[in-house]
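Asks: Next up, my_file26.tsv (TSV, C-alpha atoms and all ligand atoms).
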```tsv
chain	number	residue	atom	x	y	z
M	1241	MET	CA	129.61	133.57	87.44
M	1242	GLN	CA	127.45	135.53	89.88
M	1243	ILE	CA	125.10	133.80	92.33
M	1244	LYS	CA	122.12	135.19	94.25
M	1245	LEU	CA	122.03	133.92	97.82
M	1246	ALA	CA	119.62	134.70	100.65
M	1247	ALA	CA	122.39	134.71	103.26
M	1248	ASP	CA	125.96	133.71	103.94
M	1249	ILE	CA	126.84	130.02	104.23
M	1250	GLN	CA	125.44	128.61	107.47
M	1251	CYS	CA	127.76	126.12	109.15
M	1252	ASP	CA	127.06	123.44	111.76
M	1253	SER	CA	123.45	122.65	110.79
M	1254	ILE	CA	122.14	119.32	112.15
M	1255	VAL	CA	118.65	119.49	110.60
M	1256	ASP	CA	119.37	119.75	106.86
M	1257	GLY	CA	120.68	116.25	106.31
M	1258	PRO	CA	122.85	113.79	108.23
M	1259	GLY	CA	125.82	114.86	110.30
M	1260	ILE	CA	127.09	118.41	110.65
M	1261	ARG	CA	126.43	120.36	107.47
M	1262	SER	CA	126.95	123.68	105.80
M	1263	VAL	CA	123.86	125.12	104.15
M	1264	ILE	CA	123.92	127.36	101.09
M	1265	TRP	CA	120.70	129.40	100.95
M	1266	PHE	CA	119.81	130.27	97.36
M	1267	GLN	CA	117.68	133.31	96.63
M	1268	GLY	CA	114.61	132.91	94.42
M	1269	CYS	CA	111.70	130.49	94.56
M	1270	PRO	CA	108.61	130.32	92.30
M	1271	HIS	CA	106.56	127.83	94.33
M	1272	ALA	CA	104.91	130.13	96.90
M	1273	CYS	CA	103.96	127.29	99.25
M	1274	PRO	CA	101.48	128.52	101.88
M	1275	GLY	CA	103.24	128.33	105.25
M	1276	CYS	CA	106.75	128.59	103.77
M	1277	GLN	CA	109.22	129.39	106.54
M	1278	ASN	CA	111.50	131.42	104.28
M	1279	PRO	CA	109.28	133.82	102.29
M	1280	GLU	CA	112.09	136.39	102.17
M	1281	THR	CA	113.95	134.01	99.83
M	1282	HIS	CA	111.27	134.06	97.09
M	1283	ASP	CA	112.16	137.26	95.23
M	1284	ILE	CA	115.08	136.54	92.87
M	1285	ASN	CA	115.86	140.28	92.83
M	1286	ALA	CA	116.44	140.37	96.59
M	1287	GLY	CA	119.24	138.73	98.57
M	1288	ILE	CA	122.98	139.12	98.19
M	1289	GLN	CA	125.20	138.64	95.17
M	1290	ILE	CA	128.38	136.60	95.40
M	1291	SER	CA	130.76	135.16	92.82
M	1292	LEU	CA	131.29	131.46	92.30
M	1293	GLU	CA	134.95	131.90	93.22
M	1294	GLU	CA	134.00	133.49	96.55
M	1295	ILE	CA	131.65	130.63	97.38
M	1296	LYS	CA	134.30	128.07	96.46
M	1297	GLU	CA	136.79	129.81	98.75
M	1298	LYS	CA	134.29	129.69	101.61
M	1299	ILE	CA	133.64	125.98	101.02
M	1300	LYS	CA	137.38	125.28	100.85
M	1301	ASN	CA	137.85	126.95	104.25
M	1302	LEU	CA	135.10	124.99	106.03
M	1303	GLU	CA	136.15	122.87	108.99
M	1304	TYR	CA	134.53	119.91	110.78
M	1305	GLN	CA	131.61	119.64	108.32
M	1306	ASP	CA	130.25	116.34	106.97
M	1307	GLY	CA	128.33	117.61	103.95
M	1308	ILE	CA	126.89	120.48	101.98
M	1309	THR	CA	123.17	121.19	101.65
M	1310	LEU	CA	121.72	123.37	98.90
M	1311	SER	CA	118.52	125.04	100.09
M	1312	GLY	CA	116.64	128.31	99.75
M	1313	GLY	CA	114.69	129.45	97.98
M	1314	ASP	CA	115.03	126.87	95.27
M	1315	PRO	CA	118.54	125.99	94.06
M	1316	PHE	CA	117.01	124.86	90.75
M	1317	MET	CA	116.27	128.52	89.96
M	1318	GLN	CA	120.07	128.91	89.49
M	1319	PRO	CA	120.97	125.49	88.11
M	1320	GLU	CA	124.33	126.32	86.56
M	1321	ALA	CA	125.69	127.96	89.71
M	1322	ALA	CA	124.27	125.28	91.99
M	1323	SER	CA	125.74	122.58	89.77
M	1324	GLU	CA	129.21	124.16	89.93
M	1325	ILE	CA	128.98	124.46	93.71
M	1326	ALA	CA	127.87	120.84	94.10
M	1327	LYS	CA	130.63	119.64	91.78
M	1328	TYR	CA	133.26	121.53	93.76
M	1329	ALA	CA	131.87	120.21	97.08
M	1330	HIS	CA	132.20	116.68	95.72
M	1331	GLU	CA	135.80	117.35	94.67
M	1332	LEU	CA	136.51	118.23	98.32
M	1333	GLY	CA	134.88	114.99	99.48
M	1334	TYR	CA	131.55	116.35	100.74
M	1335	ASN	CA	128.23	114.66	100.05
M	1336	VAL	CA	125.59	117.02	98.63
M	1337	TRP	CA	121.93	117.19	99.60
M	1338	CYS	CA	119.48	119.54	97.90
M	1339	TYR	CA	115.99	120.84	98.65
M	1340	THR	CA	113.62	121.81	95.81
M	1341	GLY	CA	109.94	122.54	95.35
M	1342	TYR	CA	110.03	120.78	91.96
M	1343	LEU	CA	109.25	117.09	91.56
M	1344	TYR	CA	112.07	114.75	90.59
M	1345	GLU	CA	110.11	113.55	87.55
M	1346	ASN	CA	109.71	117.10	86.23
M	1347	ILE	CA	113.38	117.94	86.79
M	1348	LEU	CA	114.31	114.88	84.73
M	1349	LYS	CA	112.27	116.20	81.79
M	1350	ASN	CA	114.11	119.56	81.71
M	1351	PRO	CA	117.55	119.34	80.04
M	1352	LYS	CA	118.59	122.63	81.70
M	1353	LEU	CA	118.24	121.02	85.12
M	1354	THR	CA	119.77	117.60	84.63
M	1355	ASN	CA	123.39	118.76	85.11
M	1356	LEU	CA	122.51	119.90	88.60
M	1357	LEU	CA	120.49	116.78	89.34
M	1358	GLU	CA	123.47	114.60	88.42
M	1359	GLN	CA	125.60	116.42	91.04
M	1360	ILE	CA	123.22	115.69	93.93
M	1361	ASP	CA	123.39	112.71	96.27
M	1362	VAL	CA	120.02	113.16	97.96
M	1363	LEU	CA	117.17	115.32	96.64
M	1364	ILE	CA	114.31	116.36	98.92
M	1365	ASP	CA	111.63	117.16	96.36
M	1366	GLY	CA	108.18	118.69	96.12
M	1367	PRO	CA	106.47	121.71	97.65
M	1368	PHE	CA	105.79	122.13	101.34
M	1369	ILE	CA	102.11	121.27	101.94
M	1370	MET	CA	100.75	122.57	105.23
M	1371	LYS	CA	98.05	119.86	105.51
M	1372	LYS	CA	100.76	117.22	105.26
M	1373	LYS	CA	103.08	118.84	107.77
M	1374	SER	CA	104.35	116.38	110.32
M	1375	LEU	CA	106.96	116.55	113.04
M	1376	GLU	CA	107.65	112.87	112.31
M	1377	CYS	CA	109.22	113.84	109.00
M	1378	ILE	CA	113.00	113.71	109.22
M	1379	TYR	CA	114.90	116.31	107.15
M	1380	ARG	CA	111.66	117.49	105.46
M	1381	GLY	CA	108.62	119.56	106.32
M	1382	SER	CA	105.64	117.64	104.95
M	1383	LYS	CA	104.89	114.00	104.22
M	1384	ASN	CA	104.56	114.48	100.44
M	1385	GLN	CA	108.25	115.43	100.19
M	1386	ARG	CA	110.56	112.56	99.34
M	1387	LEU	CA	114.19	111.86	100.21
M	1388	ILE	CA	115.45	110.54	96.87
M	1389	ASP	CA	118.71	108.70	96.34
M	1390	VAL	CA	119.62	110.41	93.08
M	1391	PRO	CA	122.53	108.22	91.85
M	1392	LYS	CA	120.49	105.05	92.41
M	1393	SER	CA	117.36	106.60	90.86
M	1394	LEU	CA	119.24	107.67	87.74
M	1395	ALA	CA	120.91	104.26	87.41
M	1396	GLN	CA	117.69	102.29	87.92
M	1397	LYS	CA	115.50	104.75	85.93
M	1398	GLU	CA	112.95	104.88	88.73
M	1399	VAL	CA	112.66	106.76	92.00
M	1400	VAL	CA	114.68	105.05	94.75
M	1401	LEU	CA	114.10	106.53	98.20
M	1402	TYR	CA	117.09	107.26	100.40
M	1403	ASP	CA	117.39	104.85	103.31
M	1404	ILE	CA	118.02	106.94	106.45
R	1501	LIG	S1	109.71	125.42	97.77
R	1501	LIG	FE1	110.54	125.82	99.81
R	1501	LIG	S2	111.30	127.94	99.76
R	1501	LIG	FE2	109.94	127.67	98.00
R	1501	LIG	S3	107.93	128.37	98.73
R	1501	LIG	FE3	108.00	126.16	99.01
R	1501	LIG	S4	108.72	125.87	101.13
R	1501	LIG	FE4	109.20	128.01	100.54
```
Kindly return the structure encoded in the file as C-alpha cells.

Replies:
Amino acid sequence: MQIKLAADIQCDSIVDGPGIRSVIWFQGCPHACPGCQNPETHDINAGIQISLEEIKEKIKNLEYQDGITLSGGDPFMQPEAASEIAKYAHELGYNVWCYTGYLYENILKNPKLTNLLEQIDVLIDGPFIMKKKSLECIYRGSKNQRLIDVPKSLAQKEVVLYDI
C-alpha cells in the first residue's frame, strides 16, 4: 500500500498531544480553512510517496516516544493507510491521536471511515476557524475543535470529551 505524506515522520513533538510524540503528516486536505498553517499539505498530488512497510519500519525504530499523532493534511483522506498505521502503532504500545477537519458525527456516518476511527484514542475534530482561534486551546487551534475520547464515545454512543 502506498501512502502520500507531506514530510518525513517528525519525532519529539510536545504540542500534538501529551508527552513526547511522533507526528505523521498526511498529504491531502479538502477543508481549505482560512488561516491554515499547512496549506502546502492540501494538494493530494503533492508531497512524498512512501510504502506502508517503510512507515512501519520507521515507527518500529522510534525511541523515547510516548505516542503517535496522525496529522496533515487530513488523515481521513487516506483512511485505509492511516488505519493500518494506527493499528501497528497500537501493537507497539503507542497511544494514537488524530487531527481531522471532519466532524466526529459525520465520520461515524461514513462506513469507509469507521475502521480508522476505531483505531484512534483521541480525535481532534472540526475545521480551524480563525475567529475562534485562541492561545488558551491546548492541542488545538480554535475553540470549536474538540478533543474526543473515541473509545468512550463509541461505547457510550455519544461524544465524550477527553479529560486532559
Ligand atoms: S483541516 Fe487542518 S490542514 Fe486542512 S485546511 Fe483545515 S487547518 Fe488546514

Asks: Enumerate residues in contact with ligand LIG 1501 (chain R): an atom-to-atom distance of at most 8 Å, counting all atoms listed in the file. Format the result as number ranges by chain.

Replies: M: 1268-1279, 1281-1282, 1311-1314, 1339-1342, 1366-1368

Asks: From the list M:Ile1347, M:Glu1294, M:Lys1383, M:Leu1353, which residue is nearest M:Met1370 when using only C-alpha atoms?

Replies: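 Result for the nearest residue to M:Met1370: M:Lys1383.
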
Asks: Which one is closest to M:Asp1256: M:Pro1351, M:Gly1333, M:Gly1307, M:Pro1315? Count only C-alpha atoms.

Replies: M:Gly1307

Asks: For M:Asp1252, which of M:Gln1305, M:Gln1359, M:Asn1350, M:Asn1335 is the closest residue, counting all atoms listed in the file?

Replies: M:Gln1305

Asks: List the spatial neighbours of M:Asp1389 as a list of chain:residue names - criterion: any atom at most 8 Å away, all atoms listed in the file, same-chain residues fewer than 6 positions off excluded.

Replies: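 Those residues are M:Asp1361, M:Val1362, M:Leu1363, M:Val1399, M:Val1400, M:Leu1401, M:Tyr1402.
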
Asks: Write out as a count of residues only which residues come within 9 Å of M:Leu1332 when counting only C-alpha atoms, dropping same-chain ones fewer than 5 positions away.

Replies: 3

Asks: Which one is closest to M:Ser1393: M:Asp1283, M:Glu1376, M:Glu1358, M:Glu1331? Count all atoms listed in the file.

Replies: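 The answer is M:Glu1358, which sits nearest to M:Ser1393.
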
Asks: Please check which residues have atoms at most 6 Å from (124.7, 135.2, 98.2) in the file's coordinates, counting only C-alpha atoms, and write them as an MDAnalysis selection string.

Replies: chainID M and resid 1244:1247 1288:1290

Asks: Could you state the separation of atom CA of M:Asn1384 and atom CA of M:Ile1260 in Å, given to one decimal place?

Replies: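 Computing it gives 25.0 Å between the two atoms.
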
Asks: Please indicate the distance in Å from atom CA of M:Trp1265 to atom CA of M:Glu1303, rounded to one decimal place.

Replies: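 Pair atom CA of M:Trp1265 / atom CA of M:Glu1303 returns 18.6 Å.
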
Asks: Which residue is closest to M:Lys1298? Choose from M:Ala1329, M:Ser1253, M:Ile1378, M:Leu1394 and count all atoms listed in the file.

Replies: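 Using all atoms listed in the file, M:Lys1298 sits closest to M:Ala1329.
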
Asks: Counting only C-alpha atoms, which residue out of M:Gly1381, M:Ile1243, M:Ser1374, M:Val1263 sits closest to M:Met1317?

Replies: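 The shortest atom-to-atom distance to M:Met1317 comes from M:Ile1243.
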
Asks: For atom CA of M:Ser1291 and atom CA of M:Asp1248, determine how far apart the two atoms are, in Å to one decimal place.

Replies: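 Interatomic distance here is 12.2 Å.
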
Asks: Please return the centre and edge lengths, in Å to one decimal, of a box with edges along x, y and z that contains all listed atoms of stretch 1384-1392 of chain M, widened by 8 Å on every side, as AutoDock Vina command-line options.

Replies:
```
--center_x 113.5 --center_y 110.2 --center_z 96.1 --size_x 34.0 --size_y 26.4 --size_z 24.6
```
